[in-house]
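This is protein13.tsv. It holds TSV, C-alpha atoms.
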```
chain	number	residue	atom	x	y	z
A	1060	MET	CA	-12.79	-62.02	28.88
A	1061	GLY	CA	-12.79	-58.34	27.90
A	1062	GLN	CA	-14.67	-57.49	24.77
A	1063	ASN	CA	-12.96	-56.97	21.41
A	1064	LYS	CA	-9.53	-58.11	22.54
A	1065	LYS	CA	-7.14	-59.18	19.80
A	1066	ILE	CA	-4.23	-61.63	20.02
A	1067	ILE	CA	-1.49	-62.25	17.50
A	1068	VAL	CA	0.33	-65.57	17.90
A	1069	MET	CA	3.90	-65.80	16.59
A	1070	ALA	CA	5.15	-69.27	15.63
A	1071	SER	CA	7.85	-70.99	13.60
A	1072	GLY	CA	7.38	-74.70	14.15
A	1073	THR	CA	4.88	-77.52	14.48
A	1074	GLY	CA	2.16	-75.33	15.94
A	1075	SER	CA	1.29	-77.63	18.86
A	1076	ILE	CA	1.05	-74.70	21.29
A	1077	LEU	CA	-0.86	-72.66	18.70
A	1078	LYS	CA	-3.35	-75.51	18.37
A	1079	ALA	CA	-3.92	-75.43	22.14
A	1080	LEU	CA	-4.47	-71.67	22.09
A	1081	ILE	CA	-7.01	-72.02	19.28
A	1082	ALA	CA	-8.78	-74.86	21.13
A	1083	ALA	CA	-9.07	-72.59	24.16
A	1084	GLU	CA	-11.10	-70.20	22.00
A	1085	LEU	CA	-8.82	-67.25	22.65
A	1086	PRO	CA	-9.45	-64.23	20.39
A	1087	ILE	CA	-6.63	-64.95	17.94
A	1088	VAL	CA	-6.94	-62.70	14.90
A	1089	ALA	CA	-3.67	-63.58	13.15
A	1090	VAL	CA	-0.68	-65.91	13.22
A	1091	VAL	CA	2.70	-64.48	12.24
A	1092	THR	CA	5.51	-66.77	11.08
A	1093	ASP	CA	9.10	-66.22	9.99
A	1094	ARG	CA	9.28	-69.23	7.66
A	1095	LYS	CA	7.14	-71.88	6.01
A	1096	CYS	CA	6.02	-74.20	8.82
A	1097	PRO	CA	3.14	-76.46	9.96
A	1098	ALA	CA	1.86	-73.67	12.22
A	1099	GLU	CA	0.67	-71.91	9.07
A	1100	ASP	CA	-1.50	-74.89	8.14
A	1101	ILE	CA	-2.98	-74.97	11.65
A	1102	ALA	CA	-3.83	-71.27	11.36
A	1103	ARG	CA	-5.52	-71.75	7.99
A	1104	ASP	CA	-7.42	-74.80	9.27
A	1105	GLY	CA	-8.73	-72.57	12.05
A	1106	ASN	CA	-9.72	-69.85	9.57
A	1107	ILE	CA	-7.18	-67.50	11.12
A	1108	LYS	CA	-5.25	-64.98	9.05
A	1109	CYS	CA	-1.66	-66.07	8.46
A	1110	ILE	CA	1.10	-63.53	7.86
A	1111	ARG	CA	4.57	-64.69	6.90
A	1112	VAL	CA	7.41	-62.22	7.35
A	1113	THR	CA	10.19	-64.33	5.88
A	1114	ARG	CA	13.57	-64.31	7.56
A	1115	ASP	CA	16.04	-64.09	4.70
A	1116	SER	CA	19.18	-65.05	6.59
A	1117	PHE	CA	20.15	-67.34	9.45
A	1118	GLY	CA	23.80	-66.38	9.49
A	1119	GLU	CA	25.95	-63.44	10.49
A	1120	THR	CA	24.38	-61.26	7.79
A	1121	PHE	CA	20.98	-61.33	9.52
A	1122	ASP	CA	19.83	-57.77	10.24
A	1123	ARG	CA	17.76	-58.19	13.41
A	1124	LYS	CA	16.60	-54.58	13.57
A	1125	SER	CA	15.55	-54.43	9.93
A	1126	TYR	CA	13.68	-57.71	10.26
A	1127	THR	CA	11.93	-56.53	13.42
A	1128	ASP	CA	10.90	-53.33	11.64
A	1129	LYS	CA	9.31	-55.36	8.82
A	1130	LEU	CA	7.52	-57.57	11.29
A	1131	LEU	CA	6.25	-54.57	13.27
A	1132	THR	CA	4.84	-53.03	10.10
A	1133	ALA	CA	2.73	-56.18	9.61
A	1134	ILE	CA	1.70	-56.37	13.27
A	1135	LEU	CA	0.77	-52.70	13.56
A	1136	GLU	CA	-1.80	-53.08	10.80
A	1137	ILE	CA	-3.69	-55.29	13.25
A	1138	ASN	CA	-2.65	-53.48	16.45
A	1139	PRO	CA	-3.23	-56.41	18.83
A	1140	ASP	CA	-3.83	-56.13	22.55
A	1141	LEU	CA	-1.44	-59.01	23.16
A	1142	ILE	CA	1.26	-60.93	21.31
A	1143	ALA	CA	1.77	-64.57	22.31
A	1144	MET	CA	5.02	-66.23	21.33
A	1145	ALA	CA	4.48	-69.92	20.58
A	1146	GLY	CA	7.81	-71.31	19.44
A	1147	PHE	CA	8.83	-68.29	17.34
A	1148	GLY	CA	12.36	-69.02	16.14
A	1149	THR	CA	13.73	-65.51	15.72
A	1150	VAL	CA	14.97	-63.30	18.54
A	1151	LEU	CA	13.74	-59.79	17.76
A	1152	SER	CA	15.20	-56.38	18.52
A	1153	GLU	CA	14.08	-54.30	21.50
A	1154	ASP	CA	11.77	-52.34	19.18
A	1155	LEU	CA	9.03	-54.97	19.64
A	1156	GLU	CA	9.10	-54.52	23.41
A	1157	LYS	CA	9.14	-50.74	23.06
A	1158	ARG	CA	6.07	-50.79	20.85
A	1159	PHE	CA	4.19	-53.38	22.94
A	1160	PRO	CA	5.52	-52.94	26.48
A	1161	ASN	CA	4.42	-55.74	28.83
A	1162	ARG	CA	2.15	-57.10	26.10
A	1163	VAL	CA	4.34	-59.85	24.66
A	1164	LEU	CA	4.14	-63.22	26.42
A	1165	ASN	CA	6.34	-66.26	25.97
A	1166	THR	CA	6.39	-69.84	27.20
A	1167	HIS	CA	9.77	-71.41	27.95
A	1168	PRO	CA	10.57	-75.07	28.76
A	1169	SER	CA	12.41	-74.60	32.05
A	1170	LEU	CA	11.97	-73.03	35.46
A	1171	LEU	CA	13.53	-69.68	34.64
A	1172	PRO	CA	15.98	-68.21	35.45
A	1173	LEU	CA	17.46	-71.70	35.09
A	1174	PHE	CA	18.33	-72.98	31.63
A	1175	LYS	CA	17.69	-70.02	29.35
A	1176	GLY	CA	18.02	-70.28	25.59
A	1177	TRP	CA	17.18	-72.74	22.84
A	1178	HIS	CA	18.54	-75.88	24.55
A	1179	ALA	CA	16.77	-75.61	27.90
A	1180	VAL	CA	15.58	-79.22	27.99
A	1181	ARG	CA	18.97	-80.61	26.97
A	1182	ASP	CA	20.69	-78.38	29.51
A	1183	ALA	CA	18.40	-79.52	32.32
A	1184	LEU	CA	19.22	-83.15	31.55
A	1185	ALA	CA	22.95	-82.39	31.37
A	1186	ALA	CA	22.78	-80.67	34.75
A	1187	ASP	CA	21.29	-83.85	36.25
A	1188	VAL	CA	18.55	-81.96	38.10
A	1189	LYS	CA	15.51	-83.84	39.36
A	1190	VAL	CA	12.89	-81.27	38.37
A	1191	THR	CA	12.47	-78.81	35.52
A	1192	GLY	CA	9.24	-77.32	34.16
A	1193	CYS	CA	7.84	-74.47	32.16
A	1194	THR	CA	7.59	-70.74	32.65
A	1195	ILE	CA	5.14	-68.23	31.25
A	1196	HIS	CA	6.76	-64.82	31.27
A	1197	ILE	CA	6.64	-61.37	29.75
A	1198	ALA	CA	9.09	-61.28	26.86
A	1199	THR	CA	11.69	-58.53	26.93
A	1200	ALA	CA	14.70	-57.59	24.81
A	1201	GLU	CA	16.90	-59.81	26.98
A	1202	LEU	CA	16.32	-63.46	26.09
A	1203	ASP	CA	14.21	-65.38	28.64
A	1204	ALA	CA	14.71	-62.69	31.28
A	1205	GLY	CA	11.32	-60.97	31.50
A	1206	PRO	CA	9.04	-60.92	34.56
A	1207	ILE	CA	7.68	-64.35	35.40
A	1208	LEU	CA	3.89	-64.73	35.48
A	1209	TYR	CA	3.55	-68.44	36.22
A	1210	GLN	CA	5.67	-71.57	36.57
A	1211	GLN	CA	4.85	-75.25	36.86
A	1212	GLU	CA	7.26	-78.03	37.72
A	1213	VAL	CA	7.73	-81.14	35.61
A	1214	PRO	CA	9.71	-83.99	37.18
A	1215	ILE	CA	12.57	-85.54	35.27
A	1216	MET	CA	12.07	-89.30	35.12
A	1217	PRO	CA	14.79	-91.98	35.06
A	1218	GLY	CA	15.76	-92.67	31.46
A	1219	ASP	CA	14.27	-89.44	30.13
A	1220	SER	CA	15.59	-88.32	26.76
A	1221	GLU	CA	15.48	-84.76	25.51
A	1222	GLU	CA	12.54	-85.76	23.32
A	1223	SER	CA	10.51	-87.49	26.03
A	1224	LEU	CA	11.07	-84.73	28.59
A	1225	HIS	CA	10.27	-81.99	26.11
A	1226	LYS	CA	7.06	-83.79	25.16
A	1227	ARG	CA	5.89	-83.86	28.79
A	1228	ILE	CA	6.76	-80.20	29.27
A	1229	LYS	CA	4.77	-79.31	26.15
A	1230	GLU	CA	1.73	-81.12	27.52
A	1231	VAL	CA	1.87	-78.86	30.59
A	1232	GLU	CA	2.47	-75.76	28.47
A	1233	LYS	CA	-0.61	-76.53	26.39
A	1234	ILE	CA	-2.70	-76.49	29.57
A	1235	ILE	CA	-1.29	-73.50	31.43
A	1236	TYR	CA	-0.39	-71.09	28.61
A	1237	PRO	CA	-3.99	-70.54	27.44
A	1238	LYS	CA	-5.11	-70.02	31.05
A	1239	VAL	CA	-2.40	-67.46	31.76
A	1240	ILE	CA	-3.17	-65.61	28.52
A	1241	ARG	CA	-6.86	-65.50	29.40
A	1242	GLN	CA	-6.19	-64.09	32.88
A	1243	PHE	CA	-3.68	-61.63	31.46
A	1244	LEU	CA	-6.26	-60.31	28.97
A	1245	ASP	CA	-8.93	-60.14	31.67
A	1246	SER	CA	-6.59	-57.97	33.72
A	1247	ASP	CA	-6.12	-55.61	30.74
A	1248	CYS	CA	-2.53	-56.81	30.46
A	1249	ASN	CA	-1.42	-55.37	33.79
A	1250	LEU	CA	-1.16	-58.39	36.09
A	1251	GLN	CA	1.82	-58.22	38.38
A	1252	PRO	CA	4.43	-60.96	37.98
A	1253	MET	CA	3.59	-64.17	39.84
A	1254	ASN	CA	0.10	-62.85	40.63
A	1255	ILE	CA	-1.66	-65.55	38.62
A	1256	GLU	CA	-3.37	-68.49	40.25
A	1257	LEU	CA	-4.65	-71.19	37.93
A	1258	HIS	CA	-7.63	-73.35	38.80
```

Can you give me the file's structure in the form of structure tokens?
Amino acid sequence: MGQNKKIIVMASGTGSILKALIAAELPIVAVVTDRKCPAEDIARDGNIKCIRVTRDSFGETFDRKSYTDKLLTAILEINPDLIAMAGFGTVLSEDLEKRFPNRVLNTHPSLLPLFKGWHAVRDALAADVKVTGCTIHIATAELDAGPILYQQEVPIMPGDSEESLHKRIKEVEKIIYPKVIRQFLDSDCNLQPMNIELH
């Protein structure tokens, strides 16, 4: 991996993906959260700087641009080479993409472009498809629409619930996301979409 690379991980939840990224010994210099969450404890346990930029509203009064500006102020103090979304619960304004073009990655629990949004696992089950999966892609201003770097299928089993299927998808994400991030950094963040082969 290139020398002196810096990753910021953005998380809002349990931190299971964050834990996998830390275990992979990626050069994570900070974890940014938008609320109090277990991911913060995982960051502290790993001796990684934790920055909380609290989201003050979850309703119609939420000012997405203002919040993104605050978050960017915190991120720019570190000036990372790469930002890895790991279950970050706030959709940000296009200003993040403008400041870090092609340097924000996200993992999503479906085979995009199928089943975008927060309920991808539930939607896959409702659609009665036989296979779903996970996608690692470059995050853009349009939700779950950025260039795809890597996808892996996960079969839907008879009797699967949203919880059981999501759990199996997460197990795959925890394996492939660190590998994609590592290759992306090694390429100086300029890999072409779908040009990643994992071994």

Find the residues near range 1079-1089 of chain A: any atom within 8 Å, counting all atoms listed in the file, skip ones fewer than 2 places away on the same chain, and give them as a ChimeraX atom specification. /A:1064-1068,1075-1077,1091,1102,1105,1107-1110,1233-1234,1236-1237,1241

Considering only C-alpha atoms, return as a list in words whatever protein or nucleic-acid residues lie within 9 Å of Asn1165 in chain A, sequence-local ones (same chain, fewer than 6 positions apart) excluded. Ile1142, Ala1143, Met1144, Ala1145, Gly1146, Thr1194, Ile1195, His1196, Ile1197, Ala1198, Asp1203 and Tyr1236 of chain A

Just give me the gap between CA of Tyr1126 in chain A and CA of Met1069 in chain A in Å, one decimal is fine.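 The value is 14.2 Å.
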
Of the candidates A:Leu1184, A:Asp1247, A:Pro1206, A:Arg1123, which one gets nearest to Asp1219 in chain A if we count only C-alpha atoms?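 Closest to Asp1219 in chain A, using only C-alpha atoms: A:Leu1184.
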
Gap from CA of Thr1166 in chain A to CA of Ser1125 in chain A - Å, one decimal: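 Between these atoms lies a distance of 24.9 Å.
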
Could you pull the residues within 9 Å of Cys1096 in chain A, counting only C-alpha atoms, minus those fewer than 2 positions along the same chain, as a ChimeraX atom specification? /A:1070-1074,1092-1094,1098-1100

Store the residues picked out above in a file with C-alpha atoms, as a PDB file, in the frame of the given file.
```pdb
ATOM      1  CA  ALA A1070       5.150 -69.270  15.630  1.00  0.00           C
ATOM      2  CA  SER A1071       7.850 -70.990  13.600  1.00  0.00           C
ATOM      3  CA  GLY A1072       7.380 -74.700  14.150  1.00  0.00           C
ATOM      4  CA  THR A1073       4.880 -77.520  14.480  1.00  0.00           C
ATOM      5  CA  GLY A1074       2.160 -75.330  15.940  1.00  0.00           C
ATOM      6  CA  THR A1092       5.510 -66.770  11.080  1.00  0.00           C
ATOM      7  CA  ASP A1093       9.100 -66.220   9.990  1.00  0.00           C
ATOM      8  CA  ARG A1094       9.280 -69.230   7.660  1.00  0.00           C
ATOM      9  CA  ALA A1098       1.860 -73.670  12.220  1.00  0.00           C
ATOM     10  CA  GLU A1099       0.670 -71.910   9.070  1.00  0.00           C
ATOM     11  CA  ASP A1100      -1.500 -74.890   8.140  1.00  0.00           C
TER      12      ASP A1100
END
```

Residue contacts of Ser1220 in chain A (9 Å, all atoms listed in the file) excluding same-chain residues fewer than 3 positions away, as a list in words: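 Near Ser1220 in chain A, the qualifying residues are Arg1181, Leu1184, Ser1223, Leu1224 and His1225 of chain A.
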
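Between Leu1202 in chain A and the residues A:Glu1119, A:Asp1245, A:Glu1153, A:Glu1222, the shortest atom-to-atom distance, using all atoms listed in the file, involves A:Glu1153.
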
One-decimal distance in Å that lies between CA of Phe1121 in chain A and CA of Ser1152 in chain A: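 Separation of CA of Ser1152 in chain A and CA of Phe1121 in chain A: 11.8 Å.
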
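If you count all atoms listed in the file and draw a sphere of 9 Å around (8.9, -58.6, 9.9), the protein and nucleic acid residues inside it come out as Val1091, Thr1092, Asp1093, Arg1111, Val1112, Thr1113, Arg1114, Ser1125, Tyr1126, Thr1127, Asp1128, Lys1129, Leu1130, Leu1131, Thr1132, Ala1133 and Ile1134 of chain A.
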
Let me make sure I understand: among A:Ala1179, A:Val1090, A:Ile1137, A:Val1150, which one has the smallest atom-to-atom distance to Cys1193 in chain A if we use all atoms listed in the file? A:Ala1179

Restricting to only C-alpha atoms, whichever of A:Val1213, A:Leu1151, A:Val1190, A:Leu1208 is closest to Val1239 in chain A is A:Leu1208

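Remark: for Asn1161 in chain A, the closest of the candidate residues A:Ile1235, A:Ile1228, A:Ala1183, A:Ala1200 is A:Ala1200 (distances computed over all atoms listed in the file).
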
For Asp1140 in chain A, which residue out of A:Asn1063, A:Gln1211, A:Thr1199, A:Thr1191 is the nearest one, using only C-alpha atoms? A:Asn1063
